[in-house]
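> For reference, the file entry_5.txt (compact mmCIF, N, CA and C atoms) is included below:
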```txt
# COMPACT_ATOMS: atom_id res chain seq x y z
N MET C 22 -24.94 8.22 33.05
CA MET C 22 -24.10 7.13 32.59
C MET C 22 -24.54 5.84 33.28
N PRO C 23 -24.39 4.71 32.59
CA PRO C 23 -24.71 3.45 33.24
C PRO C 23 -23.74 3.17 34.39
N LEU C 24 -24.21 2.40 35.34
CA LEU C 24 -23.42 2.12 36.53
C LEU C 24 -22.15 1.34 36.19
N GLU C 25 -22.21 0.46 35.15
CA GLU C 25 -21.05 -0.35 34.79
C GLU C 25 -19.90 0.50 34.29
N ILE C 26 -20.20 1.60 33.63
CA ILE C 26 -19.14 2.48 33.13
C ILE C 26 -18.62 3.35 34.25
N GLU C 27 -19.54 3.81 35.08
CA GLU C 27 -19.14 4.72 36.13
C GLU C 27 -18.29 4.02 37.19
N ILE C 28 -18.71 2.87 37.65
CA ILE C 28 -17.98 2.12 38.68
C ILE C 28 -17.72 0.73 38.11
N LEU C 29 -16.49 0.43 37.74
CA LEU C 29 -16.18 -0.86 37.14
C LEU C 29 -16.30 -1.98 38.16
N SER C 30 -15.76 -1.76 39.33
CA SER C 30 -15.79 -2.81 40.33
C SER C 30 -15.79 -2.15 41.71
N LEU C 31 -16.69 -2.61 42.56
CA LEU C 31 -16.73 -2.06 43.92
C LEU C 31 -15.50 -2.49 44.71
N ARG C 32 -14.93 -3.66 44.39
CA ARG C 32 -13.73 -4.13 45.08
C ARG C 32 -12.55 -3.19 44.78
N ILE C 33 -12.41 -2.75 43.53
CA ILE C 33 -11.34 -1.83 43.16
C ILE C 33 -11.54 -0.50 43.88
N LEU C 34 -12.78 -0.07 43.94
CA LEU C 34 -13.08 1.17 44.64
C LEU C 34 -12.71 1.07 46.12
N LYS C 35 -13.00 -0.08 46.72
CA LYS C 35 -12.70 -0.30 48.14
C LYS C 35 -11.19 -0.38 48.36
N ASP C 36 -10.47 -1.08 47.46
CA ASP C 36 -9.02 -1.23 47.60
C ASP C 36 -8.30 0.10 47.42
N ALA C 37 -8.81 0.96 46.55
CA ALA C 37 -8.16 2.24 46.31
C ALA C 37 -8.43 3.23 47.44
N GLU C 38 -9.41 2.92 48.26
CA GLU C 38 -9.80 3.76 49.39
C GLU C 38 -10.11 5.20 48.95
N LEU C 39 -10.89 5.30 47.91
CA LEU C 39 -11.32 6.60 47.41
C LEU C 39 -12.80 6.80 47.73
N ASP C 40 -13.18 8.04 47.88
CA ASP C 40 -14.60 8.34 47.99
C ASP C 40 -15.24 8.09 46.64
N GLU C 41 -16.52 7.77 46.69
CA GLU C 41 -17.22 7.53 45.42
C GLU C 41 -17.26 8.80 44.59
N SER C 42 -17.44 9.93 45.22
CA SER C 42 -17.50 11.18 44.47
C SER C 42 -16.14 11.51 43.85
N GLU C 43 -15.05 11.28 44.60
CA GLU C 43 -13.71 11.54 44.07
C GLU C 43 -13.37 10.60 42.91
N TRP C 44 -13.75 9.33 43.08
CA TRP C 44 -13.49 8.34 42.02
C TRP C 44 -14.31 8.68 40.77
N ALA C 45 -15.57 9.08 40.97
CA ALA C 45 -16.42 9.43 39.83
C ALA C 45 -15.87 10.66 39.11
N ARG C 46 -15.34 11.63 39.86
CA ARG C 46 -14.77 12.82 39.24
C ARG C 46 -13.53 12.48 38.42
N SER C 47 -12.64 11.62 38.97
CA SER C 47 -11.45 11.23 38.22
C SER C 47 -11.82 10.41 36.98
N ARG C 48 -12.84 9.57 37.12
CA ARG C 48 -13.30 8.78 35.97
C ARG C 48 -13.89 9.69 34.89
N PHE C 49 -14.64 10.69 35.30
CA PHE C 49 -15.22 11.64 34.36
C PHE C 49 -14.14 12.42 33.63
N GLU C 50 -13.06 12.78 34.33
CA GLU C 50 -11.94 13.47 33.69
C GLU C 50 -11.26 12.57 32.67
N GLN C 51 -11.12 11.28 33.01
CA GLN C 51 -10.52 10.33 32.05
C GLN C 51 -11.38 10.20 30.81
N LEU C 52 -12.70 10.15 31.00
CA LEU C 52 -13.60 10.04 29.84
C LEU C 52 -13.54 11.29 28.97
N ASN C 53 -13.31 12.44 29.58
CA ASN C 53 -13.17 13.67 28.80
C ASN C 53 -11.88 13.70 27.99
N LEU C 54 -10.85 12.99 28.45
CA LEU C 54 -9.56 12.98 27.75
C LEU C 54 -9.51 11.96 26.61
N ILE C 55 -10.57 11.18 26.45
CA ILE C 55 -10.58 10.15 25.39
C ILE C 55 -10.45 10.81 24.01
N ASP C 56 -11.14 11.93 23.79
CA ASP C 56 -11.07 12.59 22.48
C ASP C 56 -9.65 13.05 22.17
N GLU C 57 -8.95 13.57 23.18
CA GLU C 57 -7.57 14.00 22.96
C GLU C 57 -6.67 12.81 22.62
N ARG C 58 -6.88 11.71 23.31
CA ARG C 58 -6.08 10.51 23.03
C ARG C 58 -6.37 9.98 21.63
N ARG C 59 -7.64 10.04 21.23
CA ARG C 59 -8.00 9.59 19.88
C ARG C 59 -7.31 10.45 18.84
N LEU C 60 -7.32 11.75 19.03
CA LEU C 60 -6.66 12.66 18.09
C LEU C 60 -5.15 12.41 18.05
N ALA C 61 -4.55 12.16 19.21
CA ALA C 61 -3.11 11.86 19.24
C ALA C 61 -2.81 10.56 18.50
N ALA C 62 -3.68 9.56 18.65
CA ALA C 62 -3.49 8.29 17.94
C ALA C 62 -3.63 8.47 16.44
N ILE C 63 -4.58 9.29 16.01
CA ILE C 63 -4.76 9.55 14.58
C ILE C 63 -3.54 10.26 14.01
N CYS C 64 -3.03 11.26 14.74
CA CYS C 64 -1.83 11.97 14.28
C CYS C 64 -0.63 11.04 14.19
N HIS C 65 -0.48 10.18 15.19
CA HIS C 65 0.63 9.23 15.19
C HIS C 65 0.52 8.28 14.00
N HIS C 66 -0.70 7.82 13.72
CA HIS C 66 -0.92 6.90 12.60
C HIS C 66 -0.59 7.57 11.26
N GLN C 67 -0.99 8.82 11.10
CA GLN C 67 -0.70 9.54 9.86
C GLN C 67 0.79 9.76 9.69
N LEU C 68 1.50 10.10 10.76
CA LEU C 68 2.94 10.28 10.68
C LEU C 68 3.64 8.96 10.33
N TYR C 69 3.17 7.88 10.92
CA TYR C 69 3.75 6.56 10.64
C TYR C 69 3.55 6.20 9.17
N GLN C 70 2.34 6.41 8.66
CA GLN C 70 2.09 6.06 7.26
C GLN C 70 2.90 6.92 6.31
N SER C 71 3.10 8.19 6.63
CA SER C 71 3.91 9.04 5.75
C SER C 71 5.37 8.61 5.78
N ARG C 72 5.87 8.18 6.94
CA ARG C 72 7.26 7.70 7.01
C ARG C 72 7.43 6.41 6.20
N ILE C 73 6.47 5.50 6.30
CA ILE C 73 6.54 4.26 5.54
C ILE C 73 6.46 4.54 4.05
N ALA C 74 5.57 5.43 3.64
CA ALA C 74 5.43 5.76 2.21
C ALA C 74 6.70 6.42 1.69
N LYS C 75 7.32 7.27 2.48
CA LYS C 75 8.55 7.94 2.06
C LYS C 75 9.68 6.92 1.89
N ALA C 76 9.78 5.96 2.82
CA ALA C 76 10.82 4.94 2.72
C ALA C 76 10.58 4.04 1.51
N TYR C 77 9.32 3.71 1.21
CA TYR C 77 9.00 2.87 0.07
C TYR C 77 9.27 3.61 -1.23
N ASN C 78 8.81 4.84 -1.32
CA ASN C 78 8.96 5.61 -2.56
C ASN C 78 10.41 5.97 -2.86
N LYS C 79 11.26 5.94 -1.85
CA LYS C 79 12.67 6.22 -2.07
C LYS C 79 13.31 5.13 -2.93
N LYS C 80 12.80 3.90 -2.81
CA LYS C 80 13.39 2.78 -3.54
C LYS C 80 12.76 2.56 -4.92
N VAL C 81 11.63 3.19 -5.18
CA VAL C 81 10.94 3.00 -6.45
C VAL C 81 11.58 3.88 -7.52
N LYS C 82 11.94 3.25 -8.62
CA LYS C 82 12.51 3.99 -9.75
C LYS C 82 11.47 4.07 -10.86
N PRO C 83 11.11 5.26 -11.28
CA PRO C 83 10.11 5.37 -12.35
C PRO C 83 10.67 4.86 -13.67
N ARG C 84 9.82 4.13 -14.39
CA ARG C 84 10.22 3.62 -15.70
C ARG C 84 9.48 4.41 -16.76
N VAL C 85 10.22 5.13 -17.55
CA VAL C 85 9.63 5.98 -18.59
C VAL C 85 9.97 5.39 -19.94
N PHE C 86 8.94 5.15 -20.74
CA PHE C 86 9.14 4.64 -22.10
C PHE C 86 8.73 5.72 -23.08
N GLU C 87 9.53 5.89 -24.12
CA GLU C 87 9.23 6.88 -25.14
C GLU C 87 9.06 6.18 -26.48
N GLU C 88 8.47 6.88 -27.41
CA GLU C 88 8.26 6.31 -28.75
C GLU C 88 9.60 5.97 -29.38
N GLY C 89 9.68 4.77 -29.94
CA GLY C 89 10.90 4.33 -30.59
C GLY C 89 11.79 3.48 -29.70
N ASP C 90 11.49 3.35 -28.41
CA ASP C 90 12.29 2.50 -27.52
C ASP C 90 12.08 1.04 -27.86
N LEU C 91 13.14 0.26 -27.73
CA LEU C 91 13.03 -1.19 -27.90
C LEU C 91 12.74 -1.81 -26.54
N VAL C 92 11.74 -2.71 -26.50
CA VAL C 92 11.34 -3.34 -25.25
C VAL C 92 11.14 -4.84 -25.46
N LEU C 93 11.22 -5.59 -24.36
CA LEU C 93 10.87 -7.00 -24.33
C LEU C 93 9.58 -7.14 -23.53
N ARG C 94 8.67 -7.99 -24.01
CA ARG C 94 7.39 -8.19 -23.32
C ARG C 94 7.42 -9.52 -22.59
N LYS C 95 6.94 -9.52 -21.34
CA LYS C 95 6.90 -10.73 -20.53
C LYS C 95 5.88 -11.69 -21.11
N ILE C 96 6.24 -12.96 -21.17
CA ILE C 96 5.35 -13.98 -21.70
C ILE C 96 4.39 -14.40 -20.59
N SER C 97 3.09 -14.29 -20.86
CA SER C 97 2.10 -14.77 -19.89
C SER C 97 1.75 -16.20 -20.25
N LEU C 98 2.07 -17.11 -19.36
CA LEU C 98 1.86 -18.53 -19.62
C LEU C 98 0.46 -18.95 -19.20
N THR C 99 -0.17 -19.74 -20.05
CA THR C 99 -1.44 -20.35 -19.69
C THR C 99 -1.16 -21.75 -19.19
N SER C 100 -2.16 -22.43 -18.73
CA SER C 100 -1.95 -23.72 -18.06
C SER C 100 -1.41 -24.81 -18.99
N GLY C 101 -1.68 -24.76 -20.29
CA GLY C 101 -1.26 -25.82 -21.18
C GLY C 101 0.11 -25.62 -21.81
N GLU C 102 0.75 -24.49 -21.57
CA GLU C 102 2.00 -24.18 -22.24
C GLU C 102 3.20 -24.70 -21.45
N ASP C 103 4.36 -24.61 -22.09
CA ASP C 103 5.61 -25.05 -21.49
C ASP C 103 5.98 -24.15 -20.32
N GLN C 104 6.02 -24.72 -19.13
CA GLN C 104 6.37 -23.95 -17.94
C GLN C 104 7.66 -24.46 -17.32
N SER C 105 8.54 -24.95 -18.15
CA SER C 105 9.78 -25.50 -17.62
C SER C 105 10.70 -24.40 -17.15
N LYS C 106 11.74 -24.83 -16.46
CA LYS C 106 12.70 -23.90 -15.90
C LYS C 106 13.44 -23.14 -16.99
N TRP C 107 13.64 -23.78 -18.13
CA TRP C 107 14.47 -23.19 -19.19
C TRP C 107 13.65 -22.49 -20.25
N ALA C 108 12.34 -22.37 -20.07
CA ALA C 108 11.50 -21.66 -21.04
C ALA C 108 11.80 -20.17 -20.96
N PRO C 109 11.73 -19.47 -22.09
CA PRO C 109 12.03 -18.02 -22.06
C PRO C 109 10.96 -17.26 -21.27
N ASN C 110 11.37 -16.21 -20.61
CA ASN C 110 10.46 -15.39 -19.83
C ASN C 110 9.95 -14.18 -20.61
N TYR C 111 10.73 -13.72 -21.57
CA TYR C 111 10.38 -12.52 -22.35
C TYR C 111 10.42 -12.84 -23.83
N GLU C 112 9.64 -12.09 -24.60
CA GLU C 112 9.65 -12.23 -26.06
C GLU C 112 9.83 -10.85 -26.67
N GLY C 113 10.35 -10.82 -27.86
CA GLY C 113 10.54 -9.53 -28.50
C GLY C 113 11.84 -9.50 -29.25
N PRO C 114 12.38 -8.43 -29.59
CA PRO C 114 12.07 -7.06 -29.16
C PRO C 114 10.90 -6.46 -29.92
N TYR C 115 10.25 -5.53 -29.27
CA TYR C 115 9.18 -4.74 -29.86
C TYR C 115 9.59 -3.27 -29.82
N VAL C 116 8.92 -2.49 -30.65
CA VAL C 116 9.16 -1.04 -30.68
C VAL C 116 7.94 -0.36 -30.08
N VAL C 117 8.17 0.61 -29.20
CA VAL C 117 7.07 1.37 -28.61
C VAL C 117 6.55 2.35 -29.66
N LYS C 118 5.30 2.15 -30.07
CA LYS C 118 4.70 3.04 -31.05
C LYS C 118 4.11 4.27 -30.37
N LYS C 119 3.43 4.05 -29.23
CA LYS C 119 2.84 5.16 -28.50
C LYS C 119 2.86 4.81 -27.02
N ALA C 120 3.24 5.78 -26.20
CA ALA C 120 3.25 5.61 -24.74
C ALA C 120 2.23 6.56 -24.14
N PHE C 121 1.30 6.03 -23.36
CA PHE C 121 0.29 6.84 -22.70
C PHE C 121 0.74 7.19 -21.29
N SER C 122 0.11 8.21 -20.71
CA SER C 122 0.54 8.70 -19.39
C SER C 122 0.21 7.71 -18.28
N GLY C 123 -0.80 6.87 -18.43
CA GLY C 123 -1.17 5.92 -17.39
C GLY C 123 -0.29 4.69 -17.35
N GLY C 124 0.63 4.54 -18.29
CA GLY C 124 1.52 3.40 -18.30
C GLY C 124 1.20 2.39 -19.39
N ALA C 125 0.18 2.63 -20.18
CA ALA C 125 -0.15 1.72 -21.28
C ALA C 125 0.75 2.02 -22.47
N LEU C 126 1.11 0.96 -23.19
CA LEU C 126 1.98 1.09 -24.36
C LEU C 126 1.34 0.39 -25.55
N ILE C 127 1.46 0.99 -26.70
CA ILE C 127 1.10 0.31 -27.94
C ILE C 127 2.41 -0.11 -28.59
N LEU C 128 2.55 -1.41 -28.80
CA LEU C 128 3.79 -1.97 -29.33
C LEU C 128 3.60 -2.44 -30.76
N THR C 129 4.70 -2.41 -31.51
CA THR C 129 4.72 -2.95 -32.86
C THR C 129 5.88 -3.94 -32.97
N ASN C 130 5.71 -4.90 -33.87
CA ASN C 130 6.81 -5.83 -34.16
C ASN C 130 7.89 -5.08 -34.90
N MET C 131 9.00 -5.74 -35.12
CA MET C 131 10.08 -5.11 -35.86
C MET C 131 9.70 -4.90 -37.32
N ASP C 132 8.71 -5.64 -37.81
CA ASP C 132 8.27 -5.46 -39.20
C ASP C 132 7.03 -4.56 -39.28
N GLU C 133 6.84 -3.67 -38.31
CA GLU C 133 5.83 -2.61 -38.29
C GLU C 133 4.39 -3.10 -38.18
N ARG C 134 4.15 -4.31 -37.64
CA ARG C 134 2.78 -4.78 -37.41
C ARG C 134 2.43 -4.51 -35.94
N ASP C 135 1.30 -3.84 -35.71
CA ASP C 135 0.87 -3.53 -34.35
C ASP C 135 0.39 -4.79 -33.63
N LEU C 136 0.63 -4.84 -32.32
CA LEU C 136 0.05 -5.90 -31.51
C LEU C 136 -1.44 -5.61 -31.34
N PRO C 137 -2.26 -6.65 -31.15
CA PRO C 137 -3.71 -6.42 -31.13
C PRO C 137 -4.20 -5.58 -29.95
N ARG C 138 -3.53 -5.67 -28.81
CA ARG C 138 -3.97 -4.93 -27.63
C ARG C 138 -2.82 -4.14 -27.02
N PRO C 139 -3.12 -3.02 -26.38
CA PRO C 139 -2.06 -2.31 -25.65
C PRO C 139 -1.61 -3.13 -24.44
N VAL C 140 -0.40 -2.92 -23.99
CA VAL C 140 0.12 -3.64 -22.83
C VAL C 140 0.49 -2.64 -21.75
N ASN C 141 0.50 -3.13 -20.52
CA ASN C 141 0.88 -2.30 -19.39
C ASN C 141 2.40 -2.22 -19.31
N SER C 142 2.91 -1.10 -18.85
CA SER C 142 4.36 -0.94 -18.78
C SER C 142 4.99 -1.82 -17.70
N ASP C 143 4.17 -2.43 -16.84
CA ASP C 143 4.71 -3.35 -15.82
C ASP C 143 5.20 -4.65 -16.43
N VAL C 144 4.70 -5.04 -17.60
CA VAL C 144 5.07 -6.32 -18.19
C VAL C 144 6.11 -6.19 -19.28
N VAL C 145 6.74 -5.04 -19.40
CA VAL C 145 7.82 -4.87 -20.37
C VAL C 145 9.05 -4.35 -19.67
N LYS C 146 10.19 -4.60 -20.31
CA LYS C 146 11.44 -4.01 -19.84
C LYS C 146 12.23 -3.55 -21.04
N LYS C 147 13.10 -2.59 -20.83
CA LYS C 147 13.87 -2.03 -21.94
C LYS C 147 14.82 -3.08 -22.49
N TYR C 148 15.01 -3.01 -23.79
CA TYR C 148 15.91 -3.92 -24.48
C TYR C 148 17.07 -3.07 -24.99
N TYR C 149 18.27 -3.47 -24.60
CA TYR C 149 19.47 -2.76 -25.03
C TYR C 149 20.22 -3.66 -26.01
N ALA C 150 20.24 -3.25 -27.27
CA ALA C 150 20.87 -4.08 -28.30
C ALA C 150 22.38 -3.91 -28.30
```
Show this structure as structure tokens.

Amino acid sequence: MPLEIEILSLRILKDAELDESEWARSRFEQLNLIDERRLAAICHHQLYQSRIAKAYNKKVKPRVFEEGDLVLRKISLTSGEDQSKWAPNYEGPYVVKKAFSGGALILTNMDERDLPRPVNSDVVKKYYA
């Protein structure tokens, strides 16, 4: 081992009043325990992340859409459109024609015309007439 790792400071060694061999042995034991401390830190981190995920997932409510549900679609505003406070946030209602497992929806107007692209279920909410 390099001398810098083995003996950090000769002043500390002198103040502790330890033999060099005794200090080197205790330092070697500490270096051997690094792997155990690393494993303990990894276990602690995994437990922490599982607790955080459990607390977060407890508050999440799954949104399931089925064929025939009425939904409102969020309006995505571009830079040139009306962005005033009183502008509507949702448009619709639309009818869910097909719901995919990944959250994509194919929507139709009330007069049975399909929208050109599927939409994500994050941008719709159920419409209760």
> Determine, counting only N, CA and C atoms, which protein, DNA and RNA residues have an atom within 5 Å of an atom of C:Glu112; residues of the same chain fewer than 4 positions away are not included. Present the result as a VMD selection string.
chain C and resid 93 to 96
> How many Å separate atom CA of C:Leu91 from atom CA of C:Tyr115?
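We find that atom CA of C:Leu91 and atom CA of C:Tyr115 lie 5.6 Å from each other.
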> Name the closest residue to C:Val92 among the candidates C:Gly124, C:Val116, C:Tyr77, C:Arg138; distances are taken between atoms, counting only C-alpha atoms.
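Of all the options, C:Val116 lies closest to C:Val92.
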> Between atom CA of C:Asn141 and atom CA of C:Leu126, what distance in Å does the model show, to one decimal?
6.1 Å
> Have a look at atom N of C:Gln51 and atom N of C:Gln67 and let me know their distance in Å, one decimal.
24.3 Å
> Give me, as a VMD selection string, the residues of stretch 56-98 of chain C that a backbone DSSP run labels strand (DSSP E or B).
chain C and resid 91 to 95
> Which residue gives the smallest distance to C:Glu133 among C:Ala62, C:Tyr148, C:Pro114, C:Arg72, with only C-alpha atoms counted?
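That would be C:Pro114, the residue with the smallest distance to C:Glu133.
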> Just the helix (DSSP H, G or I) stuff from stretch 60-93 of chain C, please, per backbone DSSP, written as a VMD selection string.
chain C and resid 60 to 80
